[in-house]
Amino acid sequence: MNKQQKHLIIAVIVGALIYFLLPEANGLTKQGISMLAVFIPTIYLWLTCGTGWTSLFSVTMAVLLNAAAGGSAYGTLWGNIVGAAVIPFLMVATVLEESGAFEWIVKWIISRKFIHGKPTLFMIMFTLAMIIISIFTAPQVVSVLFFRLLSDVTTSIGYTKEDKFYKSQGLLIGWISQLCDATLIWGRPYILTMVAIVAALGFENFTAMTYFKFAFLFLVFAVIVAVLMVKLWMKPDVSKFESFDDAAMREELKKNPISKRGKIALGGMAIILLCYIMASLEFLGPVASYFSGITIAASVTLVCALLCVITVDGKPVMDLNKSASKVPWGMIVFLGAIMFYAGAIGGDQYGITACLQSILGPVVAQLPVMVTIVIGLIVASLATNFCSNTVSGVIICSSCIPALMSVPGISQAQVMGFACAVIAICGTAICTLSACPLMGIVYSDIGIEYKGTAKYSVALCAIMILICAFILIPASSVLFAGMV
């Protein structure tokens, strides 16, 4: 018997105990007990066996136990709107990556004349380039690209991978790439699923653009803190930076312009982002309503289809089968399962939210609101650095939000701010080797050594918890005024 089989048996036993022993009390219904008998063991399986086959198994068990109707369950698993947007978005991003468009844009940004001989400006522009590229693609792609460029720059100016210059910039790559994955909303499965979870917990009008109001400020603060930590705390030696030949890089870009295929794919991605932005500009009235109504999935799918029709040198810009084969389908299944549970956790027929409010509300009410918020964010940060970002976010949001909503002394806007903070904090998994898939690249042969980096990453997380608790969440009363 292998480890996965053992974990599955344990999960089944836990589910059976919940199903037969958990009473209908504090608002929890029989159907809610059935859902918990599946959901709680599912979290265990996600932590121990991954999120692919376990998601398929989980949703099926929910159907078999009559916790959910089969049609709606599988319709959500395979046909949710988030998956409909994410799949073609990832396919378009694949074309951009393969065309070399990303690398060309980055080199253009870091080779501006005003950077010459100014290492701090180089670091700022290097960071800006990461943020821009992160809008279009996954953090793993961003990190591989930037480590390759950093290695070239480091070697050209006389440093090695053992020098603090390389290590500090490499750590910045890990931080910024992951921070962008936690805050930039476009095509982000993690963010879109967490938005669905929060919306199901009582904030029906909570959208990705709502979260972005908070996330943008979180990213700005985090980037400023990260850059200052590198410059003032790590203090890398930059005495050799005068040797950086930005002119040679500019000349290279002139000789090797971005390909026609890359330009067309960039144009398609620009259309996708424009449609996303138009949907969020409420002052546009019917125009915004139209784009909001068709959803981002429409524009992404249209661009994806057109790239398969438009040809360059007799070949389509996008090979549908090739691009589809590179979609991480295990992640898509996990995304569908999360969307399924998002509707279950807050459903009145289950009574799970009412039960949590009944049990946790009195406990939370005895603590100062700020203490509850800080504890919640600390737990979120600890959890996400040792297990799945999404699982951590689901657990913290599902348990804390219902409790906070039943406590006097905190506005609904601030509860929404707390939810945003949890999403951002759980996305900032940067402190351990196993914190997230990205860290496996950052702390590898192409990246940097893990030894000596943890203290900086932990400090960044701690500072962001404090900024969320004492600046951003209190400011949510203004950010989300009129929404709740």
# chains A, B, ... in the order shown; residues from 1 in each chain; ligands from 1
>>> residues_around(residues="Ala101 of chain A", least_positions_apart="4", cutoff="12 Å", atoms="only C-alpha atoms", output="PDB file with all heavy atoms, in the first residue's frame")
ATOM      1  N   ALA A  93      -0.994  33.259 -23.344  1.00  0.00           N
ATOM      2  CA  ALA A  93       0.269  33.530 -22.654  1.00  0.00           C
ATOM      3  C   ALA A  93       1.375  32.603 -23.152  1.00  0.00           C
ATOM      4  O   ALA A  93       2.547  33.002 -23.244  1.00  0.00           O
ATOM      5  CB  ALA A  93       0.088  33.376 -21.148  1.00  0.00           C
ATOM      6  N   THR A  94       1.026  31.363 -23.487  1.00  0.00           N
ATOM      7  CA  THR A  94       2.000  30.412 -24.011  1.00  0.00           C
ATOM      8  C   THR A  94       2.582  30.901 -25.332  1.00  0.00           C
ATOM      9  O   THR A  94       3.789  30.814 -25.574  1.00  0.00           O
ATOM     10  CB  THR A  94       1.340  29.028 -24.224  1.00  0.00           C
ATOM     11  OG1 THR A  94       0.933  28.512 -22.963  1.00  0.00           O
ATOM     12  CG2 THR A  94       2.313  28.054 -24.869  1.00  0.00           C
ATOM     13  N   VAL A  95       1.732  31.452 -26.188  1.00  0.00           N
ATOM     14  CA  VAL A  95       2.188  31.993 -27.473  1.00  0.00           C
ATOM     15  C   VAL A  95       3.156  33.154 -27.249  1.00  0.00           C
ATOM     16  O   VAL A  95       4.197  33.258 -27.899  1.00  0.00           O
ATOM     17  CB  VAL A  95       0.992  32.454 -28.328  1.00  0.00           C
ATOM     18  CG1 VAL A  95       1.478  33.099 -29.624  1.00  0.00           C
ATOM     19  CG2 VAL A  95       0.085  31.277 -28.645  1.00  0.00           C
ATOM     20  N   LEU A  96       2.810  34.031 -26.322  1.00  0.00           N
ATOM     21  CA  LEU A  96       3.672  35.172 -26.014  1.00  0.00           C
ATOM     22  C   LEU A  96       5.039  34.715 -25.514  1.00  0.00           C
ATOM     23  O   LEU A  96       6.077  35.262 -25.901  1.00  0.00           O
ATOM     24  CB  LEU A  96       3.005  36.060 -24.964  1.00  0.00           C
ATOM     25  CG  LEU A  96       1.966  37.057 -25.479  1.00  0.00           C
ATOM     26  CD1 LEU A  96       1.224  37.686 -24.320  1.00  0.00           C
ATOM     27  CD2 LEU A  96       2.636  38.121 -26.323  1.00  0.00           C
ATOM     28  N   GLU A  97       5.025  33.722 -24.649  1.00  0.00           N
ATOM     29  CA  GLU A  97       6.286  33.214 -24.101  1.00  0.00           C
ATOM     30  C   GLU A  97       7.162  32.625 -25.202  1.00  0.00           C
ATOM     31  O   GLU A  97       8.355  32.925 -25.300  1.00  0.00           O
ATOM     32  CB  GLU A  97       5.992  32.153 -23.041  1.00  0.00           C
ATOM     33  CG  GLU A  97       7.235  31.539 -22.430  1.00  0.00           C
ATOM     34  CD  GLU A  97       6.918  30.318 -21.596  1.00  0.00           C
ATOM     35  OE1 GLU A  97       5.726  30.015 -21.382  1.00  0.00           O
ATOM     36  OE2 GLU A  97       7.883  29.654 -21.163  1.00  0.00           O
ATOM     37  N   ILE A 105      10.627  42.672 -24.299  1.00  0.00           N
ATOM     38  CA  ILE A 105      10.076  43.775 -23.510  1.00  0.00           C
ATOM     39  C   ILE A 105      10.939  44.051 -22.285  1.00  0.00           C
ATOM     40  O   ILE A 105      11.235  45.202 -21.948  1.00  0.00           O
ATOM     41  CB  ILE A 105       8.626  43.448 -23.085  1.00  0.00           C
ATOM     42  CG1 ILE A 105       7.712  43.421 -24.310  1.00  0.00           C
ATOM     43  CG2 ILE A 105       8.114  44.461 -22.068  1.00  0.00           C
ATOM     44  CD1 ILE A 105       6.322  42.891 -24.015  1.00  0.00           C
ATOM     45  N   VAL A 106      11.365  42.984 -21.602  1.00  0.00           N
ATOM     46  CA  VAL A 106      12.185  43.146 -20.400  1.00  0.00           C
ATOM     47  C   VAL A 106      13.511  43.808 -20.735  1.00  0.00           C
ATOM     48  O   VAL A 106      13.957  44.739 -20.055  1.00  0.00           O
ATOM     49  CB  VAL A 106      12.432  41.778 -19.723  1.00  0.00           C
ATOM     50  CG1 VAL A 106      13.405  41.940 -18.566  1.00  0.00           C
ATOM     51  CG2 VAL A 106      11.123  41.196 -19.225  1.00  0.00           C
ATOM     52  N   LYS A 107      14.158  43.332 -21.785  1.00  0.00           N
ATOM     53  CA  LYS A 107      15.451  43.907 -22.172  1.00  0.00           C
ATOM     54  C   LYS A 107      15.305  45.374 -22.550  1.00  0.00           C
ATOM     55  O   LYS A 107      16.185  46.194 -22.267  1.00  0.00           O
ATOM     56  CB  LYS A 107      16.055  43.111 -23.332  1.00  0.00           C
ATOM     57  CG  LYS A 107      16.612  41.754 -22.917  1.00  0.00           C
ATOM     58  CD  LYS A 107      17.275  41.044 -24.086  1.00  0.00           C
ATOM     59  CE  LYS A 107      17.916  39.738 -23.629  1.00  0.00           C
ATOM     60  NZ  LYS A 107      18.581  39.018 -24.753  1.00  0.00           N
ATOM     61  N   TRP A 108      14.176  45.715 -23.182  1.00  0.00           N
ATOM     62  CA  TRP A 108      13.945  47.116 -23.538  1.00  0.00           C
ATOM     63  C   TRP A 108      13.841  47.971 -22.278  1.00  0.00           C
ATOM     64  O   TRP A 108      14.394  49.066 -22.205  1.00  0.00           O
ATOM     65  CB  TRP A 108      12.660  47.236 -24.360  1.00  0.00           C
ATOM     66  CG  TRP A 108      12.418  48.621 -24.879  1.00  0.00           C
ATOM     67  CD1 TRP A 108      12.847  49.145 -26.061  1.00  0.00           C
ATOM     68  CD2 TRP A 108      11.716  49.679 -24.197  1.00  0.00           C
ATOM     69  NE1 TRP A 108      12.456  50.460 -26.179  1.00  0.00           N
ATOM     70  CE2 TRP A 108      11.755  50.815 -25.048  1.00  0.00           C
ATOM     71  CE3 TRP A 108      11.059  49.771 -22.984  1.00  0.00           C
ATOM     72  CZ2 TRP A 108      11.158  52.023 -24.695  1.00  0.00           C
ATOM     73  CZ3 TRP A 108      10.472  50.981 -22.632  1.00  0.00           C
ATOM     74  CH2 TRP A 108      10.518  52.091 -23.482  1.00  0.00           C
ATOM     75  N   ILE A 133       5.459  42.077 -16.956  1.00  0.00           N
ATOM     76  CA  ILE A 133       5.401  40.739 -17.550  1.00  0.00           C
ATOM     77  C   ILE A 133       4.458  39.842 -16.745  1.00  0.00           C
ATOM     78  O   ILE A 133       3.762  38.981 -17.303  1.00  0.00           O
ATOM     79  CB  ILE A 133       6.805  40.115 -17.625  1.00  0.00           C
ATOM     80  CG1 ILE A 133       7.709  40.957 -18.531  1.00  0.00           C
ATOM     81  CG2 ILE A 133       6.741  38.686 -18.147  1.00  0.00           C
ATOM     82  CD1 ILE A 133       7.200  41.117 -19.944  1.00  0.00           C
ATOM     83  N   PHE A 136       0.804  39.251 -17.714  1.00  0.00           N
ATOM     84  CA  PHE A 136       0.455  38.378 -18.826  1.00  0.00           C
ATOM     85  C   PHE A 136       0.682  36.891 -18.581  1.00  0.00           C
ATOM     86  O   PHE A 136       0.154  36.061 -19.330  1.00  0.00           O
ATOM     87  CB  PHE A 136       1.267  38.773 -20.062  1.00  0.00           C
ATOM     88  CG  PHE A 136       1.122  40.211 -20.460  1.00  0.00           C
ATOM     89  CD1 PHE A 136       2.131  41.121 -20.210  1.00  0.00           C
ATOM     90  CD2 PHE A 136      -0.036  40.661 -21.069  1.00  0.00           C
ATOM     91  CE1 PHE A 136       2.003  42.452 -20.577  1.00  0.00           C
ATOM     92  CE2 PHE A 136      -0.183  41.982 -21.432  1.00  0.00           C
ATOM     93  CZ  PHE A 136       0.840  42.887 -21.193  1.00  0.00           C
ATOM     94  N   THR A 137       1.457  36.529 -17.578  1.00  0.00           N
ATOM     95  CA  THR A 137       1.827  35.113 -17.470  1.00  0.00           C
ATOM     96  C   THR A 137       2.043  34.681 -16.032  1.00  0.00           C
ATOM     97  O   THR A 137       1.983  35.488 -15.099  1.00  0.00           O
ATOM     98  CB  THR A 137       3.096  34.829 -18.311  1.00  0.00           C
ATOM     99  OG1 THR A 137       3.307  33.426 -18.414  1.00  0.00           O
ATOM    100  CG2 THR A 137       4.324  35.497 -17.713  1.00  0.00           C
ATOM    101  N   LEU A 145      12.506  33.397 -16.788  1.00  0.00           N
ATOM    102  CA  LEU A 145      12.955  34.442 -17.708  1.00  0.00           C
ATOM    103  C   LEU A 145      13.906  35.415 -17.028  1.00  0.00           C
ATOM    104  O   LEU A 145      14.988  35.731 -17.546  1.00  0.00           O
ATOM    105  CB  LEU A 145      11.738  35.190 -18.265  1.00  0.00           C
ATOM    106  CG  LEU A 145      12.010  36.488 -19.042  1.00  0.00           C
ATOM    107  CD1 LEU A 145      12.842  36.200 -20.278  1.00  0.00           C
ATOM    108  CD2 LEU A 145      10.686  37.154 -19.430  1.00  0.00           C
ATOM    109  N   LEU A 253      18.631  44.809 -29.444  1.00  0.00           N
ATOM    110  CA  LEU A 253      17.185  44.900 -29.660  1.00  0.00           C
ATOM    111  C   LEU A 253      16.867  45.476 -31.044  1.00  0.00           C
ATOM    112  O   LEU A 253      15.883  45.078 -31.679  1.00  0.00           O
ATOM    113  CB  LEU A 253      16.535  45.753 -28.573  1.00  0.00           C
ATOM    114  CG  LEU A 253      16.577  45.175 -27.159  1.00  0.00           C
ATOM    115  CD1 LEU A 253      15.988  46.175 -26.160  1.00  0.00           C
ATOM    116  CD2 LEU A 253      15.818  43.865 -27.079  1.00  0.00           C
ATOM    117  N   ASN A 256      17.441  42.674 -33.509  1.00  0.00           N
ATOM    118  CA  ASN A 256      16.493  41.564 -33.353  1.00  0.00           C
ATOM    119  C   ASN A 256      15.172  42.081 -32.791  1.00  0.00           C
ATOM    120  O   ASN A 256      14.880  41.910 -31.607  1.00  0.00           O
ATOM    121  CB  ASN A 256      17.072  40.490 -32.427  1.00  0.00           C
ATOM    122  CG  ASN A 256      18.377  39.936 -32.932  1.00  0.00           C
ATOM    123  OD1 ASN A 256      18.425  39.235 -33.932  1.00  0.00           O
ATOM    124  ND2 ASN A 256      19.469  40.266 -32.234  1.00  0.00           N
ATOM    125  N   PRO A 257      14.387  42.748 -33.620  1.00  0.00           N
ATOM    126  CA  PRO A 257      13.105  43.285 -33.137  1.00  0.00           C
ATOM    127  C   PRO A 257      12.138  42.167 -32.789  1.00  0.00           C
ATOM    128  O   PRO A 257      12.322  41.012 -33.179  1.00  0.00           O
ATOM    129  CB  PRO A 257      12.602  44.113 -34.319  1.00  0.00           C
ATOM    130  CG  PRO A 257      13.234  43.465 -35.517  1.00  0.00           C
ATOM    131  CD  PRO A 257      14.580  42.999 -35.056  1.00  0.00           C
ATOM    132  N   ILE A 258      11.114  42.533 -32.075  1.00  0.00           N
ATOM    133  CA  ILE A 258      10.100  41.560 -31.679  1.00  0.00           C
ATOM    134  C   ILE A 258       9.445  40.974 -32.928  1.00  0.00           C
ATOM    135  O   ILE A 258       9.189  41.687 -33.900  1.00  0.00           O
ATOM    136  CB  ILE A 258       9.063  42.227 -30.754  1.00  0.00           C
ATOM    137  CG1 ILE A 258       8.179  41.174 -30.081  1.00  0.00           C
ATOM    138  CG2 ILE A 258       8.223  43.224 -31.496  1.00  0.00           C
ATOM    139  CD1 ILE A 258       7.339  41.767 -28.958  1.00  0.00           C
ATOM    140  N   SER A 259       9.200  39.690 -32.928  1.00  0.00           N
ATOM    141  CA  SER A 259       8.676  39.004 -34.114  1.00  0.00           C
ATOM    142  C   SER A 259       7.237  39.428 -34.414  1.00  0.00           C
ATOM    143  O   SER A 259       6.516  39.917 -33.541  1.00  0.00           O
ATOM    144  CB  SER A 259       8.736  37.490 -33.918  1.00  0.00           C
ATOM    145  OG  SER A 259       7.816  37.086 -32.916  1.00  0.00           O
ATOM    146  N   LYS A 260       6.838  39.230 -35.679  1.00  0.00           N
ATOM    147  CA  LYS A 260       5.474  39.562 -36.086  1.00  0.00           C
ATOM    148  C   LYS A 260       4.471  38.735 -35.295  1.00  0.00           C
ATOM    149  O   LYS A 260       3.413  39.222 -34.890  1.00  0.00           O
ATOM    150  CB  LYS A 260       5.311  39.319 -37.581  1.00  0.00           C
ATOM    151  CG  LYS A 260       3.986  39.824 -38.141  1.00  0.00           C
ATOM    152  CD  LYS A 260       3.919  39.655 -39.653  1.00  0.00           C
ATOM    153  CE  LYS A 260       2.592  40.174 -40.198  1.00  0.00           C
ATOM    154  NZ  LYS A 260       2.510  40.010 -41.681  1.00  0.00           N
ATOM    155  N   ARG A 261       4.822  37.461 -35.063  1.00  0.00           N
ATOM    156  CA  ARG A 261       3.950  36.579 -34.293  1.00  0.00           C
ATOM    157  C   ARG A 261       3.779  37.120 -32.874  1.00  0.00           C
ATOM    158  O   ARG A 261       2.674  37.123 -32.319  1.00  0.00           O
ATOM    159  CB  ARG A 261       4.565  35.182 -34.255  1.00  0.00           C
ATOM    160  CG  ARG A 261       3.741  34.125 -33.532  1.00  0.00           C
ATOM    161  CD  ARG A 261       4.303  32.739 -33.819  1.00  0.00           C
ATOM    162  NE  ARG A 261       3.588  31.694 -33.083  1.00  0.00           N
ATOM    163  CZ  ARG A 261       4.069  31.083 -32.017  1.00  0.00           C
ATOM    164  NH1 ARG A 261       5.272  31.403 -31.551  1.00  0.00           N
ATOM    165  NH2 ARG A 261       3.361  30.158 -31.415  1.00  0.00           N
ATOM    166  N   GLY A 262       4.884  37.589 -32.290  1.00  0.00           N
ATOM    167  CA  GLY A 262       4.833  38.144 -30.944  1.00  0.00           C
ATOM    168  C   GLY A 262       4.012  39.418 -30.887  1.00  0.00           C
ATOM    169  O   GLY A 262       3.252  39.632 -29.936  1.00  0.00           O
ATOM    170  N   LYS A 263       4.144  40.278 -31.915  1.00  0.00           N
ATOM    171  CA  LYS A 263       3.386  41.530 -31.939  1.00  0.00           C
ATOM    172  C   LYS A 263       1.885  41.259 -32.009  1.00  0.00           C
ATOM    173  O   LYS A 263       1.084  41.920 -31.334  1.00  0.00           O
ATOM    174  CB  LYS A 263       3.820  42.370 -33.138  1.00  0.00           C
ATOM    175  CG  LYS A 263       5.207  42.970 -33.017  1.00  0.00           C
ATOM    176  CD  LYS A 263       5.571  43.746 -34.270  1.00  0.00           C
ATOM    177  CE  LYS A 263       6.981  44.331 -34.165  1.00  0.00           C
ATOM    178  NZ  LYS A 263       7.368  45.048 -35.415  1.00  0.00           N
ATOM    179  N   ILE A 264       1.499  40.275 -32.818  1.00  0.00           N
ATOM    180  CA  ILE A 264       0.074  39.950 -32.948  1.00  0.00           C
ATOM    181  C   ILE A 264      -0.470  39.400 -31.630  1.00  0.00           C
ATOM    182  O   ILE A 264      -1.561  39.770 -31.189  1.00  0.00           O
ATOM    183  CB  ILE A 264      -0.136  38.936 -34.090  1.00  0.00           C
ATOM    184  CG1 ILE A 264       0.207  39.579 -35.438  1.00  0.00           C
ATOM    185  CG2 ILE A 264      -1.581  38.423 -34.101  1.00  0.00           C
ATOM    186  CD1 ILE A 264       0.214  38.608 -36.607  1.00  0.00           C
ATOM    187  N   ALA A 265       0.310  38.522 -30.985  1.00  0.00           N
ATOM    188  CA  ALA A 265      -0.121  37.963 -29.694  1.00  0.00           C
ATOM    189  C   ALA A 265      -0.211  39.050 -28.631  1.00  0.00           C
ATOM    190  O   ALA A 265      -1.134  39.050 -27.807  1.00  0.00           O
ATOM    191  CB  ALA A 265       0.852  36.867 -29.243  1.00  0.00           C
ATOM    192  N   LEU A 266       0.738  39.990 -28.636  1.00  0.00           N
ATOM    193  CA  LEU A 266       0.689  41.112 -27.699  1.00  0.00           C
ATOM    194  C   LEU A 266      -0.555  41.964 -27.936  1.00  0.00           C
ATOM    195  O   LEU A 266      -1.198  42.427 -26.990  1.00  0.00           O
ATOM    196  CB  LEU A 266       1.948  41.981 -27.845  1.00  0.00           C
ATOM    197  CG  LEU A 266       3.177  41.559 -27.049  1.00  0.00           C
ATOM    198  CD1 LEU A 266       4.357  42.450 -27.413  1.00  0.00           C
ATOM    199  CD2 LEU A 266       2.906  41.629 -25.553  1.00  0.00           C
ATOM    200  N   GLY A 267      -0.893  42.173 -29.212  1.00  0.00           N
ATOM    201  CA  GLY A 267      -2.097  42.926 -29.538  1.00  0.00           C
ATOM    202  C   GLY A 267      -3.339  42.236 -28.996  1.00  0.00           C
ATOM    203  O   GLY A 267      -4.253  42.887 -28.475  1.00  0.00           O
ATOM    204  N   MET A 269      -3.461  40.186 -26.402  1.00  0.00           N
ATOM    205  CA  MET A 269      -3.472  40.318 -24.945  1.00  0.00           C
ATOM    206  C   MET A 269      -3.890  41.721 -24.528  1.00  0.00           C
ATOM    207  O   MET A 269      -4.594  41.906 -23.527  1.00  0.00           O
ATOM    208  CB  MET A 269      -2.093  39.974 -24.382  1.00  0.00           C
ATOM    209  CG  MET A 269      -2.038  39.858 -22.874  1.00  0.00           C
ATOM    210  SD  MET A 269      -3.066  38.518 -22.205  1.00  0.00           S
ATOM    211  CE  MET A 269      -1.944  37.109 -22.393  1.00  0.00           C
TER     212      MET A 269
END
>>> residues_around(residues="Asn66 of chain A", least_positions_apart="6", cutoff="9 Å", atoms="only C-alpha atoms", output="PyMOL selection string")
chain A and resi 31+34-35
>>> write_last_selection(atoms="all heavy atoms", output="mmCIF file, in the first residue's frame")
data_model
loop_
_atom_site.group_PDB
_atom_site.id
_atom_site.type_symbol
_atom_site.label_atom_id
_atom_site.label_comp_id
_atom_site.auth_asym_id
_atom_site.auth_seq_id
_atom_site.Cartn_x
_atom_site.Cartn_y
_atom_site.Cartn_z
ATOM 1 N N GLN A 31 -27.908 18.086 5.227
ATOM 2 C CA GLN A 31 -27.169 18.238 3.971
ATOM 3 C C GLN A 31 -25.819 18.904 4.214
ATOM 4 O O GLN A 31 -24.823 18.593 3.555
ATOM 5 C CB GLN A 31 -27.991 19.061 2.978
ATOM 6 C CG GLN A 31 -27.500 18.955 1.538
ATOM 7 C CD GLN A 31 -28.420 19.658 0.562
ATOM 8 O OE1 GLN A 31 -29.368 20.335 0.947
ATOM 9 N NE2 GLN A 31 -28.154 19.506 -0.725
ATOM 10 N N SER A 34 -23.406 16.280 5.409
ATOM 11 C CA SER A 34 -22.914 15.513 4.261
ATOM 12 C C SER A 34 -21.817 16.277 3.522
ATOM 13 O O SER A 34 -20.803 15.703 3.118
ATOM 14 C CB SER A 34 -24.067 15.198 3.297
ATOM 15 O OG SER A 34 -25.045 14.401 3.917
ATOM 16 N N MET A 35 -22.020 17.598 3.370
ATOM 17 C CA MET A 35 -21.020 18.410 2.676
ATOM 18 C C MET A 35 -19.723 18.481 3.473
ATOM 19 O O MET A 35 -18.628 18.354 2.922
ATOM 20 C CB MET A 35 -21.577 19.818 2.435
ATOM 21 C CG MET A 35 -20.637 20.713 1.628
ATOM 22 S SD MET A 35 -20.247 20.061 -0.010
ATOM 23 C CE MET A 35 -21.808 20.348 -0.867
#
>>> closest_residue(among="A:Thr207, A:Thr120, A:Asn385, A:Ser99", to="Leu192 of chain A", atoms="only C-alpha atoms")
A:Thr207
>>> select_by_dssp(residues="segment 265-344 of chain A", states="strand (DSSP E)", output="list in words")
Thr311, Val312, Lys315 and Pro316 of chain A
>>> closest_residue(among="A:Lys118, A:Lys161, A:Arg188, A:Arg148", to="Gly83 of chain A", atoms="only C-alpha atoms")
A:Arg188
>>> residues_around(residues="Val442 of chain A", least_positions_apart="2", cutoff="8 Å", atoms="only C-alpha atoms", output="NGL selection string")
:A and (143 or 170-171 or 173-174 or 438-440 or 444 or 446-448)
>>> write_last_selection(atoms="N, CA, C and O atoms", output="PDB file, in the first residue's frame")
ATOM      1  N   SER A 143       9.873  33.993 -13.374  1.00  0.00           N
ATOM      2  CA  SER A 143      11.121  33.733 -12.642  1.00  0.00           C
ATOM      3  C   SER A 143      12.189  33.116 -13.535  1.00  0.00           C
ATOM      4  O   SER A 143      13.359  33.511 -13.478  1.00  0.00           O
ATOM      5  N   GLY A 170      18.082  38.067  -7.097  1.00  0.00           N
ATOM      6  CA  GLY A 170      17.373  36.800  -7.241  1.00  0.00           C
ATOM      7  C   GLY A 170      16.244  36.654  -6.235  1.00  0.00           C
ATOM      8  O   GLY A 170      15.158  36.163  -6.553  1.00  0.00           O
ATOM      9  N   LEU A 171      16.515  37.096  -5.007  1.00  0.00           N
ATOM     10  CA  LEU A 171      15.464  37.056  -3.978  1.00  0.00           C
ATOM     11  C   LEU A 171      14.329  37.998  -4.359  1.00  0.00           C
ATOM     12  O   LEU A 171      13.143  37.690  -4.153  1.00  0.00           O
ATOM     13  N   ILE A 173      13.413  38.657  -7.368  1.00  0.00           N
ATOM     14  CA  ILE A 173      12.646  37.956  -8.410  1.00  0.00           C
ATOM     15  C   ILE A 173      11.590  37.057  -7.769  1.00  0.00           C
ATOM     16  O   ILE A 173      10.426  37.056  -8.173  1.00  0.00           O
ATOM     17  N   GLY A 174      12.005  36.291  -6.764  1.00  0.00           N
ATOM     18  CA  GLY A 174      11.066  35.410  -6.074  1.00  0.00           C
ATOM     19  C   GLY A 174       9.951  36.180  -5.399  1.00  0.00           C
ATOM     20  O   GLY A 174       8.764  35.829  -5.525  1.00  0.00           O
ATOM     21  N   LEU A 438       6.540  28.150  -7.160  1.00  0.00           N
ATOM     22  CA  LEU A 438       7.550  29.111  -7.588  1.00  0.00           C
ATOM     23  C   LEU A 438       8.837  28.983  -6.789  1.00  0.00           C
ATOM     24  O   LEU A 438       9.937  29.105  -7.348  1.00  0.00           O
ATOM     25  N   MET A 439       8.730  28.747  -5.475  1.00  0.00           N
ATOM     26  CA  MET A 439       9.931  28.676  -4.648  1.00  0.00           C
ATOM     27  C   MET A 439      10.824  27.502  -5.052  1.00  0.00           C
ATOM     28  O   MET A 439      12.031  27.523  -4.820  1.00  0.00           O
ATOM     29  N   GLY A 440      10.233  26.480  -5.667  1.00  0.00           N
ATOM     30  CA  GLY A 440      11.030  25.365  -6.167  1.00  0.00           C
ATOM     31  C   GLY A 440      11.959  25.791  -7.289  1.00  0.00           C
ATOM     32  O   GLY A 440      13.006  25.178  -7.524  1.00  0.00           O
ATOM     33  N   SER A 444      16.658  26.853  -6.716  1.00  0.00           N
ATOM     34  CA  SER A 444      17.151  25.722  -7.502  1.00  0.00           C
ATOM     35  C   SER A 444      18.478  26.096  -8.149  1.00  0.00           C
ATOM     36  O   SER A 444      19.031  27.173  -7.883  1.00  0.00           O
ATOM     37  N   ILE A 446      19.049  27.093 -11.098  1.00  0.00           N
ATOM     38  CA  ILE A 446      18.981  28.294 -11.940  1.00  0.00           C
ATOM     39  C   ILE A 446      18.714  29.546 -11.114  1.00  0.00           C
ATOM     40  O   ILE A 446      18.774  30.660 -11.636  1.00  0.00           O
ATOM     41  N   GLY A 447      18.400  29.371  -9.816  1.00  0.00           N
ATOM     42  CA  GLY A 447      18.057  30.501  -8.967  1.00  0.00           C
ATOM     43  C   GLY A 447      19.135  30.817  -7.953  1.00  0.00           C
ATOM     44  O   GLY A 447      20.298  31.033  -8.303  1.00  0.00           O
ATOM     45  N   ILE A 448      18.749  30.845  -6.684  1.00  0.00           N
ATOM     46  CA  ILE A 448      19.672  31.199  -5.609  1.00  0.00           C
ATOM     47  C   ILE A 448      19.634  30.129  -4.513  1.00  0.00           C
ATOM     48  O   ILE A 448      18.729  29.308  -4.472  1.00  0.00           O
TER      49      ILE A 448
END
>>> residues_around(residues="segment 43-60 of chain A", least_positions_apart="3", cutoff="8 Å", atoms="only C-alpha atoms", output="JSON, numbers by chain")
{"A": [4, 7, 8, 11, 38, 39, 40, 63, 64, 73, 74, 77, 330, 331, 333, 334, 337, 340, 387, 388, 391]}
>>> residues_around(residues="Ser477 of chain A", least_positions_apart="2", cutoff="6 Å", atoms="only C-alpha atoms", output="list in words")
Ala413, Gln414, Ala475, Leu479, Phe480 and Ala481 of chain A
>>> write_last_selection(atoms="C-alpha atoms", output="CSV table (one decimal), in the first residue's frame")
chain,number,residue,atom,x,y,z
A,413,ALA,CA,-16.4,47.1,4.7
A,414,GLN,CA,-13.6,46.2,7.1
A,475,ALA,CA,-8.8,52.2,4.9
A,479,LEU,CA,-12.2,51.8,-0.4
A,480,PHE,CA,-15.5,49.8,-0.2
A,481,ALA,CA,-17.8,52.6,0.9
>>> atom_distance(atom1="atom CA of Thr372 of chain A", atom2="atom CA of Ile423 of chain A")
16.4 Å
>>> select_by_dssp(residues="segment 117-316 of chain A", states="helix (DSSP H, G or I)", output="number ranges by chain")
A: 119-134, 139-156, 164-183, 189-200, 208-234, 241-243, 246-255, 260-280, 282-284, 286-309
>>> closest_residue(among="A:Ile115, A:Lys240, A:Pro189, A:Val142", to="Thr154 of chain A", atoms="only C-alpha atoms")
A:Lys240
>>> closest_residue(among="A:Thr183, A:Gln5, A:Ser406, A:Asn26", to="Lys213 of chain A", atoms="only C-alpha atoms")
A:Thr183
>>> closest_residue(among="A:Phe114, A:Tyr341, A:Tyr443, A:Tyr456", to="Ala199 of chain A", atoms="only C-alpha atoms")
A:Tyr341
>>> residues_around(residues="segment 285-298 of chain A", least_positions_apart="4", cutoff="6 Å", atoms="only C-alpha atoms", output="VMD selection string")
chain A and resid 84 to 85 278 to 279 281
>>> atom_distance(atom1="atom CA of Ala462 of chain A", atom2="atom CA of Leu128 of chain A")
23.2 Å
>>> atom_distance(atom1="atom CA of Gly202 of chain A", atom2="atom CA of Glu282 of chain A")
22.5 Å
>>> residues_around(residues="Ser381 of chain A", least_positions_apart="3", cutoff="12 Å", atoms="only C-alpha atoms", output="NGL selection string")
:A and (374-378 or 384-389 or 392-393 or 396 or 421-432 or 435 or 457-466)
